[in-house]
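Note: the block below is coords-v2.cif and it holds mmCIF, N, CA and C atoms.
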data_data
#
loop_
_atom_site.label_atom_id
_atom_site.label_comp_id
_atom_site.auth_asym_id
_atom_site.auth_seq_id
_atom_site.Cartn_x
_atom_site.Cartn_y
_atom_site.Cartn_z
N MET A 1 110.67 94.55 128.77
CA MET A 1 110.97 94.51 127.34
C MET A 1 109.98 95.36 126.54
N GLN A 2 108.71 95.34 126.96
CA GLN A 2 107.68 96.10 126.25
C GLN A 2 107.95 97.60 126.33
N LYS A 3 108.44 98.09 127.48
CA LYS A 3 108.74 99.52 127.62
C LYS A 3 109.87 99.93 126.68
N VAL A 4 110.88 99.08 126.58
CA VAL A 4 112.00 99.35 125.67
C VAL A 4 111.49 99.39 124.24
N LYS A 5 110.65 98.43 123.89
CA LYS A 5 110.08 98.37 122.53
C LYS A 5 109.25 99.62 122.26
N ASN A 6 108.45 100.04 123.23
CA ASN A 6 107.63 101.23 123.07
C ASN A 6 108.46 102.49 122.86
N LYS A 7 109.57 102.58 123.55
CA LYS A 7 110.43 103.77 123.43
C LYS A 7 111.32 103.70 122.20
N SER A 8 111.75 102.50 121.82
CA SER A 8 112.68 102.41 120.70
C SER A 8 112.01 102.76 119.37
N ILE A 9 110.70 102.65 119.30
CA ILE A 9 110.01 103.01 118.06
C ILE A 9 110.20 104.50 117.76
N TYR A 10 110.22 105.32 118.79
CA TYR A 10 110.42 106.76 118.59
C TYR A 10 111.86 107.06 118.19
N LEU A 11 112.79 106.33 118.76
CA LEU A 11 114.19 106.48 118.36
C LEU A 11 114.37 106.09 116.89
N MET A 12 113.75 104.96 116.51
CA MET A 12 113.84 104.52 115.13
C MET A 12 113.21 105.55 114.20
N SER A 13 112.07 106.05 114.58
CA SER A 13 111.38 107.06 113.77
C SER A 13 112.28 108.28 113.55
N LEU A 14 112.89 108.77 114.62
CA LEU A 14 113.79 109.93 114.51
C LEU A 14 114.99 109.62 113.63
N LEU A 15 115.54 108.42 113.77
CA LEU A 15 116.69 108.01 112.96
C LEU A 15 116.37 108.13 111.47
N TYR A 16 115.24 107.55 111.06
CA TYR A 16 114.89 107.59 109.64
C TYR A 16 114.47 108.99 109.20
N PHE A 17 113.78 109.71 110.06
CA PHE A 17 113.37 111.07 109.71
C PHE A 17 114.59 111.95 109.44
N PHE A 18 115.54 111.96 110.36
CA PHE A 18 116.71 112.83 110.20
C PHE A 18 117.68 112.34 109.13
N THR A 19 117.79 111.03 108.96
CA THR A 19 118.61 110.51 107.87
C THR A 19 117.99 110.91 106.53
N GLY A 20 116.67 110.83 106.44
CA GLY A 20 115.98 111.26 105.23
C GLY A 20 116.20 112.72 104.93
N ILE A 21 116.14 113.55 105.95
CA ILE A 21 116.40 115.00 105.78
C ILE A 21 117.80 115.21 105.22
N SER A 22 118.75 114.42 105.69
CA SER A 22 120.14 114.60 105.24
C SER A 22 120.30 114.32 103.75
N HIS A 23 119.42 113.52 103.17
CA HIS A 23 119.47 113.28 101.72
C HIS A 23 119.23 114.57 100.94
N PHE A 24 118.47 115.48 101.53
CA PHE A 24 118.17 116.75 100.87
C PHE A 24 119.18 117.84 101.26
N ARG A 25 119.73 117.75 102.45
CA ARG A 25 120.69 118.76 102.90
C ARG A 25 122.09 118.52 102.35
N ILE A 26 122.50 117.25 102.26
CA ILE A 26 123.84 116.92 101.77
C ILE A 26 123.76 115.78 100.74
N PRO A 27 123.08 116.01 99.63
CA PRO A 27 122.93 114.93 98.65
C PRO A 27 124.26 114.43 98.09
N GLU A 28 125.27 115.28 98.08
CA GLU A 28 126.56 114.88 97.52
C GLU A 28 127.17 113.69 98.28
N TYR A 29 126.91 113.61 99.58
CA TYR A 29 127.40 112.47 100.36
C TYR A 29 126.81 111.17 99.80
N PHE A 30 125.52 111.19 99.54
CA PHE A 30 124.83 110.00 99.04
C PHE A 30 125.15 109.75 97.57
N LEU A 31 125.36 110.81 96.82
CA LEU A 31 125.74 110.65 95.41
C LEU A 31 127.08 109.95 95.28
N ASP A 32 127.99 110.25 96.20
CA ASP A 32 129.33 109.64 96.16
C ASP A 32 129.31 108.13 96.35
N ILE A 33 128.27 107.60 96.99
CA ILE A 33 128.26 106.17 97.26
C ILE A 33 127.25 105.42 96.38
N MET A 34 126.69 106.10 95.40
CA MET A 34 125.78 105.44 94.47
C MET A 34 126.58 104.54 93.54
N PRO A 35 126.18 103.28 93.42
CA PRO A 35 126.88 102.39 92.48
C PRO A 35 126.76 102.93 91.05
N PRO A 36 127.82 102.84 90.27
CA PRO A 36 127.79 103.41 88.92
C PRO A 36 126.80 102.73 87.98
N TYR A 37 126.44 101.50 88.25
CA TYR A 37 125.52 100.78 87.37
C TYR A 37 124.05 101.16 87.60
N ILE A 38 123.78 101.96 88.63
CA ILE A 38 122.41 102.40 88.91
C ILE A 38 122.21 103.77 88.27
N PRO A 39 121.14 103.95 87.48
CA PRO A 39 120.90 105.25 86.84
C PRO A 39 120.21 106.25 87.79
N TRP A 40 120.08 107.46 87.34
CA TRP A 40 119.31 108.53 88.02
C TRP A 40 119.75 108.75 89.46
N HIS A 41 121.01 108.94 89.66
CA HIS A 41 121.56 109.05 91.01
C HIS A 41 120.86 110.09 91.87
N LEU A 42 120.77 111.32 91.40
CA LEU A 42 120.21 112.38 92.23
C LEU A 42 118.73 112.11 92.53
N LYS A 43 117.98 111.67 91.53
CA LYS A 43 116.56 111.36 91.76
C LYS A 43 116.41 110.27 92.81
N LEU A 44 117.24 109.25 92.73
CA LEU A 44 117.15 108.15 93.69
C LEU A 44 117.59 108.57 95.09
N VAL A 45 118.54 109.48 95.18
CA VAL A 45 118.93 110.01 96.50
C VAL A 45 117.74 110.73 97.12
N TYR A 46 117.06 111.55 96.33
CA TYR A 46 115.90 112.27 96.85
C TYR A 46 114.74 111.34 97.15
N ILE A 47 114.51 110.37 96.29
CA ILE A 47 113.42 109.41 96.52
C ILE A 47 113.68 108.60 97.79
N SER A 48 114.91 108.11 97.95
CA SER A 48 115.21 107.33 99.15
C SER A 48 115.12 108.20 100.40
N GLY A 49 115.51 109.45 100.29
CA GLY A 49 115.38 110.37 101.43
C GLY A 49 113.93 110.61 101.79
N ALA A 50 113.10 110.83 100.77
CA ALA A 50 111.66 111.03 101.02
C ALA A 50 111.06 109.78 101.64
N CYS A 51 111.46 108.61 101.16
CA CYS A 51 110.96 107.36 101.74
C CYS A 51 111.35 107.25 103.20
N GLU A 52 112.59 107.59 103.53
CA GLU A 52 113.02 107.50 104.92
C GLU A 52 112.19 108.43 105.81
N ILE A 53 111.94 109.63 105.34
CA ILE A 53 111.13 110.57 106.12
C ILE A 53 109.71 110.03 106.30
N ILE A 54 109.09 109.62 105.22
CA ILE A 54 107.71 109.13 105.27
C ILE A 54 107.60 107.86 106.11
N PHE A 55 108.48 106.91 105.85
CA PHE A 55 108.41 105.64 106.59
C PHE A 55 108.70 105.87 108.08
N GLY A 56 109.64 106.77 108.37
CA GLY A 56 109.94 107.09 109.77
C GLY A 56 108.73 107.67 110.47
N LEU A 57 108.02 108.55 109.80
CA LEU A 57 106.80 109.14 110.38
C LEU A 57 105.68 108.10 110.50
N LEU A 58 105.61 107.19 109.53
CA LEU A 58 104.57 106.16 109.58
C LEU A 58 104.80 105.14 110.70
N LEU A 59 105.99 105.13 111.28
CA LEU A 59 106.25 104.24 112.42
C LEU A 59 105.50 104.68 113.67
N ILE A 60 105.18 105.95 113.77
CA ILE A 60 104.61 106.47 115.01
C ILE A 60 103.17 105.99 115.25
N PRO A 61 102.24 106.17 114.31
CA PRO A 61 100.88 105.67 114.59
C PRO A 61 100.85 104.14 114.59
N ARG A 62 100.19 103.57 115.55
CA ARG A 62 100.11 102.11 115.63
C ARG A 62 99.47 101.51 114.38
N GLN A 63 98.53 102.24 113.79
CA GLN A 63 97.81 101.72 112.63
C GLN A 63 98.71 101.52 111.41
N THR A 64 99.79 102.30 111.31
CA THR A 64 100.67 102.21 110.14
C THR A 64 102.04 101.63 110.48
N ARG A 65 102.25 101.31 111.72
CA ARG A 65 103.58 100.87 112.18
C ARG A 65 104.05 99.60 111.48
N ARG A 66 103.17 98.64 111.35
CA ARG A 66 103.57 97.35 110.77
C ARG A 66 103.99 97.51 109.31
N ILE A 67 103.19 98.21 108.52
CA ILE A 67 103.54 98.41 107.11
C ILE A 67 104.79 99.28 106.98
N ALA A 68 104.93 100.27 107.86
CA ALA A 68 106.13 101.12 107.84
C ALA A 68 107.39 100.29 108.11
N ALA A 69 107.29 99.36 109.05
CA ALA A 69 108.44 98.50 109.35
C ALA A 69 108.81 97.65 108.14
N TRP A 70 107.82 97.09 107.45
CA TRP A 70 108.10 96.31 106.24
C TRP A 70 108.70 97.18 105.15
N LEU A 71 108.20 98.41 105.01
CA LEU A 71 108.74 99.32 104.00
C LEU A 71 110.18 99.71 104.32
N ILE A 72 110.48 99.89 105.59
CA ILE A 72 111.86 100.20 105.99
C ILE A 72 112.78 99.02 105.68
N ILE A 73 112.32 97.81 105.94
CA ILE A 73 113.13 96.63 105.61
C ILE A 73 113.42 96.60 104.11
N ALA A 74 112.40 96.83 103.30
CA ALA A 74 112.59 96.84 101.84
C ALA A 74 113.56 97.94 101.44
N LEU A 75 113.44 99.10 102.05
CA LEU A 75 114.34 100.22 101.74
C LEU A 75 115.79 99.88 102.13
N LEU A 76 115.96 99.30 103.30
CA LEU A 76 117.32 98.93 103.74
C LEU A 76 117.97 97.93 102.78
N ILE A 77 117.18 97.02 102.28
CA ILE A 77 117.70 96.06 101.30
C ILE A 77 118.03 96.77 100.00
N ALA A 78 117.16 97.69 99.60
CA ALA A 78 117.37 98.42 98.33
C ALA A 78 118.61 99.30 98.37
N VAL A 79 118.92 99.89 99.50
CA VAL A 79 120.07 100.80 99.57
C VAL A 79 121.37 100.08 99.96
N PHE A 80 121.30 98.80 100.25
CA PHE A 80 122.50 98.06 100.64
C PHE A 80 123.62 98.15 99.60
N PRO A 81 123.31 98.11 98.30
CA PRO A 81 124.41 98.27 97.33
C PRO A 81 125.19 99.58 97.50
N ALA A 82 124.56 100.63 97.98
CA ALA A 82 125.29 101.88 98.22
C ALA A 82 126.29 101.71 99.36
N ASN A 83 125.95 100.92 100.36
CA ASN A 83 126.90 100.66 101.44
C ASN A 83 128.09 99.84 100.94
N ILE A 84 127.80 98.90 100.07
CA ILE A 84 128.89 98.12 99.47
C ILE A 84 129.76 99.03 98.60
N GLN A 85 129.12 99.91 97.83
CA GLN A 85 129.88 100.84 96.98
C GLN A 85 130.74 101.76 97.81
N MET A 86 130.24 102.18 98.95
CA MET A 86 131.04 103.03 99.84
C MET A 86 132.32 102.30 100.25
N THR A 87 132.19 101.04 100.61
CA THR A 87 133.36 100.25 101.00
C THR A 87 134.33 100.12 99.83
N ILE A 88 133.81 99.83 98.65
CA ILE A 88 134.66 99.72 97.46
C ILE A 88 135.40 101.04 97.20
N ASN A 89 134.66 102.15 97.29
CA ASN A 89 135.28 103.47 97.09
C ASN A 89 136.39 103.71 98.09
N TYR A 90 136.12 103.40 99.36
CA TYR A 90 137.11 103.65 100.40
C TYR A 90 138.35 102.78 100.22
N VAL A 91 138.16 101.55 99.77
CA VAL A 91 139.31 100.67 99.50
C VAL A 91 140.13 101.27 98.36
N ASN A 92 139.48 101.65 97.27
CA ASN A 92 140.18 102.20 96.10
C ASN A 92 140.88 103.52 96.41
N GLU A 93 140.31 104.30 97.31
CA GLU A 93 140.88 105.61 97.67
C GLU A 93 141.89 105.51 98.81
N HIS A 94 142.06 104.33 99.37
CA HIS A 94 142.89 104.14 100.57
C HIS A 94 142.44 105.10 101.67
N ASN A 95 141.14 105.23 101.79
CA ASN A 95 140.54 106.14 102.75
C ASN A 95 140.75 105.61 104.17
N PRO A 96 141.28 106.44 105.08
CA PRO A 96 141.51 105.97 106.45
C PRO A 96 140.21 105.64 107.20
N ASP A 97 139.08 106.08 106.67
CA ASP A 97 137.78 105.77 107.29
C ASP A 97 137.17 104.49 106.74
N LEU A 98 137.98 103.67 106.11
CA LEU A 98 137.49 102.40 105.57
C LEU A 98 136.77 101.58 106.63
N TRP A 99 137.29 101.59 107.83
CA TRP A 99 136.69 100.81 108.91
C TRP A 99 135.22 101.19 109.14
N ILE A 100 134.90 102.47 108.96
CA ILE A 100 133.52 102.93 109.14
C ILE A 100 132.61 102.26 108.11
N SER A 101 133.07 102.23 106.87
CA SER A 101 132.24 101.62 105.83
C SER A 101 132.08 100.12 106.05
N ILE A 102 133.10 99.49 106.62
CA ILE A 102 133.01 98.05 106.90
C ILE A 102 132.03 97.80 108.06
N VAL A 103 132.07 98.64 109.06
CA VAL A 103 131.16 98.51 110.21
C VAL A 103 129.71 98.74 109.78
N ARG A 104 129.50 99.62 108.80
CA ARG A 104 128.14 99.91 108.34
C ARG A 104 127.44 98.69 107.75
N LEU A 105 128.18 97.79 107.16
CA LEU A 105 127.57 96.64 106.49
C LEU A 105 126.77 95.77 107.47
N PRO A 106 127.36 95.30 108.57
CA PRO A 106 126.54 94.51 109.50
C PRO A 106 125.51 95.34 110.26
N ILE A 107 125.73 96.64 110.36
CA ILE A 107 124.72 97.49 111.00
C ILE A 107 123.41 97.43 110.23
N GLN A 108 123.49 97.27 108.91
CA GLN A 108 122.27 97.13 108.11
C GLN A 108 121.46 95.91 108.56
N ILE A 109 122.14 94.85 108.91
CA ILE A 109 121.45 93.65 109.40
C ILE A 109 120.74 93.96 110.71
N PHE A 110 121.42 94.67 111.59
CA PHE A 110 120.80 95.08 112.86
C PHE A 110 119.58 95.96 112.60
N LEU A 111 119.69 96.91 111.67
CA LEU A 111 118.57 97.80 111.37
C LEU A 111 117.38 97.04 110.80
N ILE A 112 117.67 96.05 109.97
CA ILE A 112 116.59 95.20 109.44
C ILE A 112 115.93 94.43 110.58
N TRP A 113 116.71 93.86 111.47
CA TRP A 113 116.16 93.14 112.62
C TRP A 113 115.31 94.07 113.49
N TRP A 114 115.81 95.28 113.73
CA TRP A 114 115.10 96.25 114.57
C TRP A 114 113.74 96.57 113.95
N ALA A 115 113.70 96.81 112.66
CA ALA A 115 112.42 97.08 111.99
C ALA A 115 111.53 95.83 112.02
N TRP A 116 112.12 94.67 111.86
CA TRP A 116 111.36 93.42 111.83
C TRP A 116 110.58 93.20 113.12
N ILE A 117 111.12 93.65 114.23
CA ILE A 117 110.44 93.53 115.52
C ILE A 117 109.03 94.14 115.43
N TYR A 118 108.89 95.20 114.68
CA TYR A 118 107.61 95.91 114.59
C TYR A 118 106.71 95.41 113.46
N THR A 119 107.14 94.36 112.78
CA THR A 119 106.28 93.79 111.74
C THR A 119 105.30 92.77 112.32
N LYS A 120 105.52 92.38 113.54
CA LYS A 120 104.75 91.30 114.15
C LYS A 120 103.41 91.73 114.70
N SER A 121 103.35 92.91 115.25
CA SER A 121 102.13 93.32 115.93
C SER A 121 102.02 94.84 115.93
N THR A 122 100.82 95.33 116.00
CA THR A 122 100.60 96.77 116.10
C THR A 122 100.32 97.17 117.54
N LYS A 123 100.51 96.26 118.49
CA LYS A 123 100.24 96.55 119.90
C LYS A 123 101.29 97.45 120.51
N ALA A 124 102.50 97.45 119.96
CA ALA A 124 103.57 98.28 120.53
C ALA A 124 104.23 99.10 119.48
#
Is it possible to express this structure as structure tokens?
Amino acid sequence: MQKVKNKSIYLMSLLYFFTGISHFRIPEYFLDIMPPYIPWHLKLVYISGACEIIFGLLLIPRQTRRIAAWLIIALLIAVFPANIQMTINYVNEHNPDLWISIVRLPIQIFLIWWAWIYTKSTKA
């Protein structure tokens, strides 16, 4: 189990790093799922992307891993309304990819659990 945990941290780091990069490469994707009641859409897309890059990189050193995991959990909770908005948009548009947006919702719970594993100790 420890070997899997040791290797999965690098996978998680890459996931957040590349997802963060995508906020800058294709911001329109993220703008489309921003809830209308939240202001400063483009700024928040860039801020959340920068956070994903930074937090993903902070997962690598053992000294910052625990705080990075907590920050990722907070970020996942903060961006959850965008996942809900994506589902609402897809329902309203009769988008055939609605199933993808529905599957994304519980995946957030998995991602929070995955990050939570690294909040316990800096040994791995």
Using 4 Å of padding on each side, determine the axis-aligned box around all atoms of stretch 107-114 of chain A present in the file and give its centre and edge lengths in Å to one decimal, as lines of an AutoDock Vina configuration file.
center_x = 119.7
center_y = 95.5
center_z = 111.3
size_x = 20.0
size_y = 12.7
size_z = 14.5
Separation of atom C of A:Phe80 from atom N of A:Tyr29, in Å and rounded to one decimal =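 So the answer is 15.8 Å.
Using the PyMOL selection byres ((chain A and resi 71-75) around 8) on this structure selects Ser48, Cys51, Glu52, Phe55, Gly56, Arg65, Arg66, Ile67, Ala68, Ala69, Trp70, Leu76, Ile77, Ala78, Val79, Phe80, Leu111, Ile112, Trp113, Ala115 and Trp116 of chain A.
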Decode the PyMOL selection byres ((chain A and resi 8-22) around 7) for the given file into explicit residues and return them as an MDAnalysis selection string.
-> chainID A and resid 3:7 23:27 48:57 59:60
Separation of atom C of A:Phe30 and atom C of A:Ile102, in Å?
-> 17.3 Å
Pick out the closest residue to A:Asp32 from this set: A:Met86, A:Pro81, A:Trp99, A:Pro61. Count only N, CA and C atoms.
-> A:Met86
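Backbone DSSP assigns helix (DSSP H, G or I) in stretch 24-63 of chain A to Phe24, Arg25, Pro27, Glu28, Tyr29, Phe30, Leu31, Asp32, His41, Leu42, Lys43, Leu44, Val45, Tyr46, Ile47, Ser48, Gly49, Ala50, Cys51, Glu52, Ile53, Ile54, Phe55, Gly56, Leu57, Leu58, Arg62 and Gln63 of chain A.
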Produce a file of the selected residues containing N, CA and C atoms, as an mmCIF file, keeping the file's coordinate frame.
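Saved result, again07.cif, follows:
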data_model
loop_
_atom_site.group_PDB
_atom_site.id
_atom_site.type_symbol
_atom_site.label_atom_id
_atom_site.label_comp_id
_atom_site.auth_asym_id
_atom_site.auth_seq_id
_atom_site.Cartn_x
_atom_site.Cartn_y
_atom_site.Cartn_z
ATOM 1 N N PHE A 24 118.470 115.480 101.530
ATOM 2 C CA PHE A 24 118.170 116.750 100.870
ATOM 3 C C PHE A 24 119.180 117.840 101.260
ATOM 4 N N ARG A 25 119.730 117.750 102.450
ATOM 5 C CA ARG A 25 120.690 118.760 102.900
ATOM 6 C C ARG A 25 122.090 118.520 102.350
ATOM 7 N N PRO A 27 123.080 116.010 99.630
ATOM 8 C CA PRO A 27 122.930 114.930 98.650
ATOM 9 C C PRO A 27 124.260 114.430 98.090
ATOM 10 N N GLU A 28 125.270 115.280 98.080
ATOM 11 C CA GLU A 28 126.560 114.880 97.520
ATOM 12 C C GLU A 28 127.170 113.690 98.280
ATOM 13 N N TYR A 29 126.910 113.610 99.580
ATOM 14 C CA TYR A 29 127.400 112.470 100.360
ATOM 15 C C TYR A 29 126.810 111.170 99.800
ATOM 16 N N PHE A 30 125.520 111.190 99.540
ATOM 17 C CA PHE A 30 124.830 110.000 99.040
ATOM 18 C C PHE A 30 125.150 109.750 97.570
ATOM 19 N N LEU A 31 125.360 110.810 96.820
ATOM 20 C CA LEU A 31 125.740 110.650 95.410
ATOM 21 C C LEU A 31 127.080 109.950 95.280
ATOM 22 N N ASP A 32 127.990 110.250 96.200
ATOM 23 C CA ASP A 32 129.330 109.640 96.160
ATOM 24 C C ASP A 32 129.310 108.130 96.350
ATOM 25 N N HIS A 41 121.010 108.940 89.660
ATOM 26 C CA HIS A 41 121.560 109.050 91.010
ATOM 27 C C HIS A 41 120.860 110.090 91.870
ATOM 28 N N LEU A 42 120.770 111.320 91.400
ATOM 29 C CA LEU A 42 120.210 112.380 92.230
ATOM 30 C C LEU A 42 118.730 112.110 92.530
ATOM 31 N N LYS A 43 117.980 111.670 91.530
ATOM 32 C CA LYS A 43 116.560 111.360 91.760
ATOM 33 C C LYS A 43 116.410 110.270 92.810
ATOM 34 N N LEU A 44 117.240 109.250 92.730
ATOM 35 C CA LEU A 44 117.150 108.150 93.690
ATOM 36 C C LEU A 44 117.590 108.570 95.090
ATOM 37 N N VAL A 45 118.540 109.480 95.180
ATOM 38 C CA VAL A 45 118.930 110.010 96.500
ATOM 39 C C VAL A 45 117.740 110.730 97.120
ATOM 40 N N TYR A 46 117.060 111.550 96.330
ATOM 41 C CA TYR A 46 115.900 112.270 96.850
ATOM 42 C C TYR A 46 114.740 111.340 97.150
ATOM 43 N N ILE A 47 114.510 110.370 96.290
ATOM 44 C CA ILE A 47 113.420 109.410 96.520
ATOM 45 C C ILE A 47 113.680 108.600 97.790
ATOM 46 N N SER A 48 114.910 108.110 97.950
ATOM 47 C CA SER A 48 115.210 107.330 99.150
ATOM 48 C C SER A 48 115.120 108.200 100.400
ATOM 49 N N GLY A 49 115.510 109.450 100.290
ATOM 50 C CA GLY A 49 115.380 110.370 101.430
ATOM 51 C C GLY A 49 113.930 110.610 101.790
ATOM 52 N N ALA A 50 113.100 110.830 100.770
ATOM 53 C CA ALA A 50 111.660 111.030 101.020
ATOM 54 C C ALA A 50 111.060 109.780 101.640
ATOM 55 N N CYS A 51 111.460 108.610 101.160
ATOM 56 C CA CYS A 51 110.960 107.360 101.740
ATOM 57 C C CYS A 51 111.350 107.250 103.200
ATOM 58 N N GLU A 52 112.590 107.590 103.530
ATOM 59 C CA GLU A 52 113.020 107.500 104.920
ATOM 60 C C GLU A 52 112.190 108.430 105.810
ATOM 61 N N ILE A 53 111.940 109.630 105.340
ATOM 62 C CA ILE A 53 111.130 110.570 106.120
ATOM 63 C C ILE A 53 109.710 110.030 106.300
ATOM 64 N N ILE A 54 109.090 109.620 105.220
ATOM 65 C CA ILE A 54 107.710 109.130 105.270
ATOM 66 C C ILE A 54 107.600 107.860 106.110
ATOM 67 N N PHE A 55 108.480 106.910 105.850
ATOM 68 C CA PHE A 55 108.410 105.640 106.590
ATOM 69 C C PHE A 55 108.700 105.870 108.080
ATOM 70 N N GLY A 56 109.640 106.770 108.370
ATOM 71 C CA GLY A 56 109.940 107.090 109.770
ATOM 72 C C GLY A 56 108.730 107.670 110.470
ATOM 73 N N LEU A 57 108.020 108.550 109.800
ATOM 74 C CA LEU A 57 106.800 109.140 110.380
ATOM 75 C C LEU A 57 105.680 108.100 110.500
ATOM 76 N N LEU A 58 105.610 107.190 109.530
ATOM 77 C CA LEU A 58 104.570 106.160 109.580
ATOM 78 C C LEU A 58 104.800 105.140 110.700
ATOM 79 N N ARG A 62 100.190 103.570 115.550
ATOM 80 C CA ARG A 62 100.110 102.110 115.630
ATOM 81 C C ARG A 62 99.470 101.510 114.380
ATOM 82 N N GLN A 63 98.530 102.240 113.790
ATOM 83 C CA GLN A 63 97.810 101.720 112.630
ATOM 84 C C GLN A 63 98.710 101.520 111.410
#
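Between atom CA of A:Val45 and atom CA of A:Trp114 there is a distance of 23.0 Å.
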Nearest-residue call for A:Leu105, choices A:Leu44, A:Ile33, A:Tyr118, A:Asn83, using all atoms listed in the file | A:Asn83
Of the residues A:Lys43, A:Pro35, A:Ile107, A:Lys120, which is the one nearest to A:Ile84, using all atoms listed in the file?
->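 Of A:Lys43, A:Pro35, A:Ile107, A:Lys120, the one nearest A:Ile84 is A:Pro35, counting all atoms listed in the file.
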If I only want stretch 63-79 of chain A, can you write it with N, CA and C atoms, as a tab-separated table (two decimals), in the first residue's frame?
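New file result-v1.tsv:
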chain	number	residue	atom	x	y	z
A	63	GLN	N	7.86	18.13	2.76
A	63	GLN	CA	7.66	19.21	3.73
A	63	GLN	C	6.38	20.01	3.47
A	64	THR	N	5.93	20.06	2.22
A	64	THR	CA	4.74	20.86	1.87
A	64	THR	C	3.55	20.00	1.47
A	65	ARG	N	3.73	18.71	1.47
A	65	ARG	CA	2.69	17.79	0.98
A	65	ARG	C	1.39	17.89	1.77
A	66	ARG	N	1.51	17.93	3.07
A	66	ARG	CA	0.30	17.94	3.91
A	66	ARG	C	-0.53	19.21	3.68
A	67	ILE	N	0.12	20.36	3.69
A	67	ILE	CA	-0.62	21.61	3.47
A	67	ILE	C	-1.15	21.67	2.04
A	68	ALA	N	-0.39	21.15	1.09
A	68	ALA	CA	-0.86	21.13	-0.31
A	68	ALA	C	-2.13	20.28	-0.44
A	69	ALA	N	-2.16	19.15	0.26
A	69	ALA	CA	-3.35	18.29	0.22
A	69	ALA	C	-4.55	19.02	0.79
A	70	TRP	N	-4.38	19.73	1.91
A	70	TRP	CA	-5.49	20.50	2.49
A	70	TRP	C	-5.93	21.61	1.54
A	71	LEU	N	-4.97	22.27	0.89
A	71	LEU	CA	-5.32	23.33	-0.05
A	71	LEU	C	-6.07	22.78	-1.26
A	72	ILE	N	-5.69	21.61	-1.72
A	72	ILE	CA	-6.41	20.97	-2.83
A	72	ILE	C	-7.83	20.63	-2.42
A	73	ILE	N	-8.01	20.13	-1.22
A	73	ILE	CA	-9.36	19.83	-0.73
A	73	ILE	C	-10.20	21.10	-0.73
A	74	ALA	N	-9.64	22.18	-0.21
A	74	ALA	CA	-10.38	23.46	-0.18
A	74	ALA	C	-10.70	23.92	-1.60
A	75	LEU	N	-9.76	23.77	-2.51
A	75	LEU	CA	-9.99	24.17	-3.90
A	75	LEU	C	-11.09	23.32	-4.55
A	76	LEU	N	-11.05	22.02	-4.31
A	76	LEU	CA	-12.08	21.14	-4.88
A	76	LEU	C	-13.47	21.52	-4.38
A	77	ILE	N	-13.56	21.89	-3.13
A	77	ILE	CA	-14.85	22.32	-2.58
A	77	ILE	C	-15.26	23.65	-3.21
A	78	ALA	N	-14.29	24.54	-3.38
A	78	ALA	CA	-14.58	25.87	-3.95
A	78	ALA	C	-15.05	25.79	-5.40
A	79	VAL	N	-14.51	24.87	-6.16
A	79	VAL	CA	-14.88	24.79	-7.58
A	79	VAL	C	-16.07	23.85	-7.84
